[in-house]
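Asker: Below is the structure I would like to discuss, written out as structure tokens.
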Amino acid sequence: MSATKTLFDKVWDSHVVHQIENGPDVLFIDRHMVHEVTSPVAFLGLKNRGIRVMHPEKTFATADHNTPTINQHLPVADPLSANQLKMLEENANEYGISYWGLGHEKNGIVHVVGPEYGITLPGATIVCGDSHTSTHGAFGAIAFGIGTSEVEMVLATQCIMQPKPKRMRINITGELQYGVTPKDVALFIISQLTTSGATGYFVEYAGDVFKNMTMEGRMTVCNLSIEMGARGGMIAPDETTFHYIKGREFTPKGEAWDKAMDYWQTLYTDPDAIFDKKLTFDGSLIEPMITYGTNPGMGMGIKNDIPTADMVQGGASTYKKSLQYMKFDEGDSMIGKPIDFVFLGSCTNGRIEDFRAFASIVKGRKKADNVTAWLVPGSHKVESAIKEEGILDILTDAGFELREPGCSACLAMNDDKVPPGKLAVSTSNRNFEGRQGPGSRTLLASPLVAAAAAVTGKVTDPRELMHEIVAG
Amino acid sequence: MAYDKFTTLTSTAVPLPIENVDTDQIIPARFLKATERKGFGDNLFRDWRYNQDNSPKEDFVLNHSKYSGKILVGGKNFGSGSSREHAAWAVYDYGFRCVISSFFADIFRGNCLNIGVLPAQVSAEFLQKIFTAIDTDPNAKFEVSLIEQKVTILATGESESFDINHYKKDNMTNGFDDIDYLLNIKGKIQEFATSRPL
């Protein structure tokens with residue numbers, strides 16, 4: 001038996017409280033993030049059992065899924081949404097959990113605010129009743145989404161029962177082309193693996209492309225791990241990670257920082273450690289990506305034509321059903337397709353770098369008349385940065401408005417719904433049927449592709465609108 | 001929450017031969033606003049089942065009177081996407097106690113197990129045989145035995161086994177609850193917690 005371990009093994013094994021024979025591991029959870037939609041029934045369960053939250057200081061609540069993105073200072077108009085938000089606030093108060101609700105200066109999407117305030121740390125185990133909890137893996141944490149029964153389990157016991165997933169490493173070598181973003185890297189990987197290709201695995205992303213990626217870029221990639229079925233994805237912490245987390249509100253300080261650093265610097269995959277599956281791709285071949293179907297695996301380089309049914313994995317009838325929903329034909333080019341909506345935001349692409357990228361293209365241009373654009377920052381902190389950096393002025397001059405933070409049109413639980421039949425270019429994470437509103441049609445893409453679509457009114461290769469920066 | 005015990009289920013089945021059925025289809029996000037676990041079955045497959053004017057879509061399988069039963073049979077990669085347990089609740093609340101597919105998404109599978117719906121994973125070939133059996137006779141019955149970990153097509157007698165970890169099998173056959181188990185080892189958890197300063 002080799003003593004070498006993967007990054008994933010190191011973090012997982014150090015959190016196992018108890019092993020059940022022929023059953024799951026009992027894993028200790030360092031951080032539990034809670035939002036309004038998947039928690040009320042869990043809190044109700046606690047009440048019925050007559051027990052308290054075991055570690056309220058490791059539990060953080062924010063309201064994001066069900067919140068309006070305009071007029072947040074007014075009472076929430078939808079009574080069901082208002083009730084759900086009220087329940088979260090009451091539960092947080094009753095159990096002594098910190099609560100960053102609507103109007104709170106730290107409010108925002110759970111997977112945006114966690115890293116912003118240093119709640120997300122390397123080597124931690126992090127769960128939330130939301131599949132995009134995988135985002136936090138960018139810091140070298142084991143982070144994954146859970147169901148409501150499991151939310152109750154973590155509230156009650158600070159532990160979760162999980163069979164240990166298999167290990168996969170995805171290595172991306174080389175350098176990305178100009179105009180290719182972390183979102184494109186993720187959509188490329190998913191298009192290669194399909195929407196279920198990593199089910200049963202926990203993924204480690206490695207290679208030069210991730211080494212050279214910013215923390216926000218890494219978050220975008222890890223966020224989308226679930227879209228190929230993986231429970232989560234992670235990247236070994238390095239100087240980029242430590243630089244990002246240092247000095248944030250919940251980050252350890254002084255001696256505690258030094259001690260934590262000693263541990264964090266051991267968090268990498270040992271040479272010769274065994275993965276159940278290893279894949280390598282050449283990063284220089286990745287193009288700006290766009291999806292054309294109804295799952296995130298149905299993506300391709302933006303200049304390609306939609307594949308024919310005989311070219312794809314899986315059943316032809318499901319594939320054809322998907323294209324029928326999208327009102328596209330096999331062999332169609334995506335370039336030039338007129339679009340109706342643009343959504344910039346979500347836990348995938350709602351951070352400041354995403355707004356910078358979007359602004360870099362719309363600067364000096366005008367929003368196309370046929371496009372409705374929803375630009376939704378991931379948090380108040382992102383919103384403040386947009387204003388401070390002068391990005392708001394660029395957006396306003398180009399005819400765009402900025403909304404208030406929240407999940408918004410990513411899942412359309414609030415009023416930000418794309419109407420039936422309308423086509424949206426969206427920086428979010430899912431293009432499922434009706435995801436952005438009943439009958440809505442979604443094209444997933446990067447903030448650059450979204451910006452190019454917003455100013456041209458159609459699917460456009462963003463590189464045509466960018467001025468190449470000559471190195472040196 | 002304790003749930004119904006599951007040992008053996010004999011029932012007709014409802015076929016949904018579509019791949020990658022995601023949890024947004026099983027229960028769209030706009031129906032996740034409840035604060036209690038009630039009534040989710042009404043909106044199971046809402047947008048496949050009803051038109052926008054709320055009239056039933058004639059061609060959707062849940063609107064065919066010839067199909068019924070406590071078993072839902074889905075295509076490969078059933079339950080992908082969002083972690084919403086509401087999807088499993090909707091499946092349960094509608095009356096299903098077992099979902100058969102050739103492949104399940106992780107979180108949906110776990111959510112089903114946690115509420116007493118059995119996700120039985122069979123081979124692609126056997127799944128096709130099940131679809132064929134329903135196609136031949138919508139009243140065809142199937143036996144799902146958790147004790148024997150076996151799905152049987154009663155019309156032909158063909159059967160195939162499925163995997164489930166021993167702990168979960170024990171829970172489901174006895175109606176045991178994970179949280180009770182964990183509270184039983186609370187001392188061990190608390191001891192562990194003190195070793196983690198994070």
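Ordered as shown in the structure tokens, chains take letters A, B, and onward, while each chain numbers its residues from 1 and ligands are numbered from 1 in the order shown.
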If you run DSSP on the backbone, which residues of chain B are strand (DSSP E or B), as a PyMOL selection string?

Answerer: chain B and resi 8-11+13-16+22+50+56+71-74+78+80+98-101+104+118-121+142-145+150-153+158-161

Asker: Atoms to include: C-alpha atoms. Write the selected residues as an mmCIF file, in the first residue's frame.

Answerer:
data_model
loop_
_atom_site.group_PDB
_atom_site.id
_atom_site.type_symbol
_atom_site.label_atom_id
_atom_site.label_comp_id
_atom_site.auth_asym_id
_atom_site.auth_seq_id
_atom_site.Cartn_x
_atom_site.Cartn_y
_atom_site.Cartn_z
ATOM 1 C CA THR B 8 -40.928 -5.677 -1.581
ATOM 2 C CA LEU B 9 -43.039 -3.711 -4.008
ATOM 3 C CA THR B 10 -45.189 -5.299 -6.703
ATOM 4 C CA SER B 11 -46.751 -2.824 -9.064
ATOM 5 C CA ALA B 13 -44.990 1.028 -13.802
ATOM 6 C CA VAL B 14 -45.015 4.386 -15.566
ATOM 7 C CA PRO B 15 -42.467 4.662 -18.429
ATOM 8 C CA LEU B 16 -40.475 7.813 -19.114
ATOM 9 C CA ASP B 22 -33.086 16.850 -14.616
ATOM 10 C CA TYR B 50 -49.423 20.793 -18.257
ATOM 11 C CA PRO B 56 -53.044 18.699 -19.339
ATOM 12 C CA ILE B 71 -42.814 2.507 -10.027
ATOM 13 C CA LEU B 72 -41.412 5.219 -12.276
ATOM 14 C CA VAL B 73 -39.058 3.993 -14.991
ATOM 15 C CA GLY B 74 -36.736 6.663 -16.372
ATOM 16 C CA PHE B 78 -32.175 10.319 -14.071
ATOM 17 C CA SER B 80 -29.359 15.307 -12.757
ATOM 18 C CA CYS B 98 -39.393 3.244 -6.560
ATOM 19 C CA VAL B 99 -37.567 4.764 -9.540
ATOM 20 C CA ILE B 100 -35.831 2.415 -11.946
ATOM 21 C CA SER B 101 -33.169 3.697 -14.324
ATOM 22 C CA PHE B 104 -28.866 7.975 -11.468
ATOM 23 C CA LEU B 118 -35.863 3.246 -3.746
ATOM 24 C CA PRO B 119 -33.604 4.149 -6.693
ATOM 25 C CA ALA B 120 -32.987 0.819 -8.409
ATOM 26 C CA GLN B 121 -30.230 0.929 -11.003
ATOM 27 C CA PHE B 142 -42.924 -5.724 -11.790
ATOM 28 C CA GLU B 143 -41.569 -6.893 -8.489
ATOM 29 C CA VAL B 144 -38.906 -4.855 -6.756
ATOM 30 C CA SER B 145 -37.425 -6.706 -3.824
ATOM 31 C CA LYS B 150 -33.725 -7.682 -7.426
ATOM 32 C CA VAL B 151 -36.113 -6.315 -10.057
ATOM 33 C CA THR B 152 -38.320 -8.887 -11.802
ATOM 34 C CA ILE B 153 -40.449 -8.504 -14.910
ATOM 35 C CA GLU B 158 -36.638 -12.150 -16.166
ATOM 36 C CA SER B 159 -34.866 -10.459 -13.317
ATOM 37 C CA GLU B 160 -31.761 -8.465 -12.542
ATOM 38 C CA SER B 161 -30.084 -7.479 -9.311
#

Asker: Kindly determine which residues of chain B lie within 8 Å of chain A, considering only C-alpha atoms, and give the answer as an NGL selection string.

Answerer: :B and (1 or 18-20 or 22 or 24-25 or 28-30 or 32-37 or 47 or 52 or 77 or 80-85 or 105-107 or 110-111 or 114-115 or 165-168 or 178-179 or 182-183 or 186 or 188-189 or 192-193 or 198)

Asker: To test your reading of the structure, identify every residue in region 55-187 of chain B that backbone DSSP assigns to helix (DSSP H, G or I), and report it as a ChimeraX atom specification.

Answerer: /B:61-63,86-94,106-115,124-136,166-174,178-184,186-187

Asker: Restricting the output to C-alpha atoms, write the selected residues as a CSV table (one decimal), in the first residue's frame.

Answerer:
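Saved the output as selection.csv:
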chain,number,residue,atom,x,y,z
B,61,VAL,CA,-47.2,9.8,-19.8
B,62,LEU,CA,-48.7,10.9,-16.5
B,63,ASN,CA,-51.8,12.0,-18.4
B,86,HIS,CA,-38.2,18.7,-3.5
B,87,ALA,CA,-37.8,16.5,-6.6
B,88,ALA,CA,-37.7,13.3,-4.6
B,89,TRP,CA,-40.6,14.7,-2.4
B,90,ALA,CA,-42.6,15.3,-5.6
B,91,VAL,CA,-41.9,11.7,-6.8
B,92,TYR,CA,-43.0,10.4,-3.4
B,93,ASP,CA,-46.0,12.6,-3.0
B,94,TYR,CA,-47.3,11.7,-6.4
B,106,ASP,CA,-25.7,11.2,-7.2
B,107,ILE,CA,-27.6,13.8,-5.3
B,108,PHE,CA,-31.0,12.7,-6.5
B,109,ARG,CA,-30.2,9.1,-5.6
B,110,GLY,CA,-29.1,10.1,-2.1
B,111,ASN,CA,-32.2,12.2,-1.6
B,112,CYS,CA,-34.5,9.3,-2.7
B,113,LEU,CA,-32.8,7.0,-0.2
B,114,ASN,CA,-33.2,9.5,2.5
B,115,ILE,CA,-36.9,9.7,2.2
B,124,ALA,CA,-29.3,-0.5,-20.0
B,125,GLU,CA,-30.3,-3.8,-21.6
B,126,PHE,CA,-32.6,-4.7,-18.7
B,127,LEU,CA,-34.1,-1.2,-18.6
B,128,GLN,CA,-35.0,-1.6,-22.3
B,129,LYS,CA,-36.7,-4.9,-21.4
B,130,ILE,CA,-38.7,-3.1,-18.8
B,131,PHE,CA,-39.8,-0.5,-21.3
B,132,THR,CA,-40.7,-3.2,-23.8
B,133,ALA,CA,-42.7,-5.0,-21.2
B,134,ILE,CA,-44.7,-1.9,-20.5
B,135,ASP,CA,-45.1,-1.2,-24.2
B,136,THR,CA,-46.5,-4.7,-24.7
B,166,HIS,CA,-25.8,-2.4,3.4
B,167,TYR,CA,-26.4,0.4,5.8
B,168,LYS,CA,-29.0,2.1,3.6
B,169,LYS,CA,-30.7,-1.2,2.8
B,170,ASP,CA,-31.0,-1.8,6.5
B,171,ASN,CA,-32.4,1.7,7.1
B,172,MET,CA,-35.0,1.3,4.4
B,173,THR,CA,-36.2,-2.1,5.3
B,174,ASN,CA,-36.5,-1.1,8.9
B,178,ASP,CA,-29.7,8.6,9.8
B,179,ILE,CA,-30.0,11.4,12.3
B,180,ASP,CA,-30.9,8.9,15.1
B,181,TYR,CA,-27.8,7.0,14.1
B,182,LEU,CA,-25.6,10.1,14.3
B,183,LEU,CA,-27.1,11.3,17.6
B,184,ASN,CA,-26.2,8.0,19.0
B,186,LYS,CA,-22.8,12.3,19.4
B,187,GLY,CA,-19.9,11.9,21.9
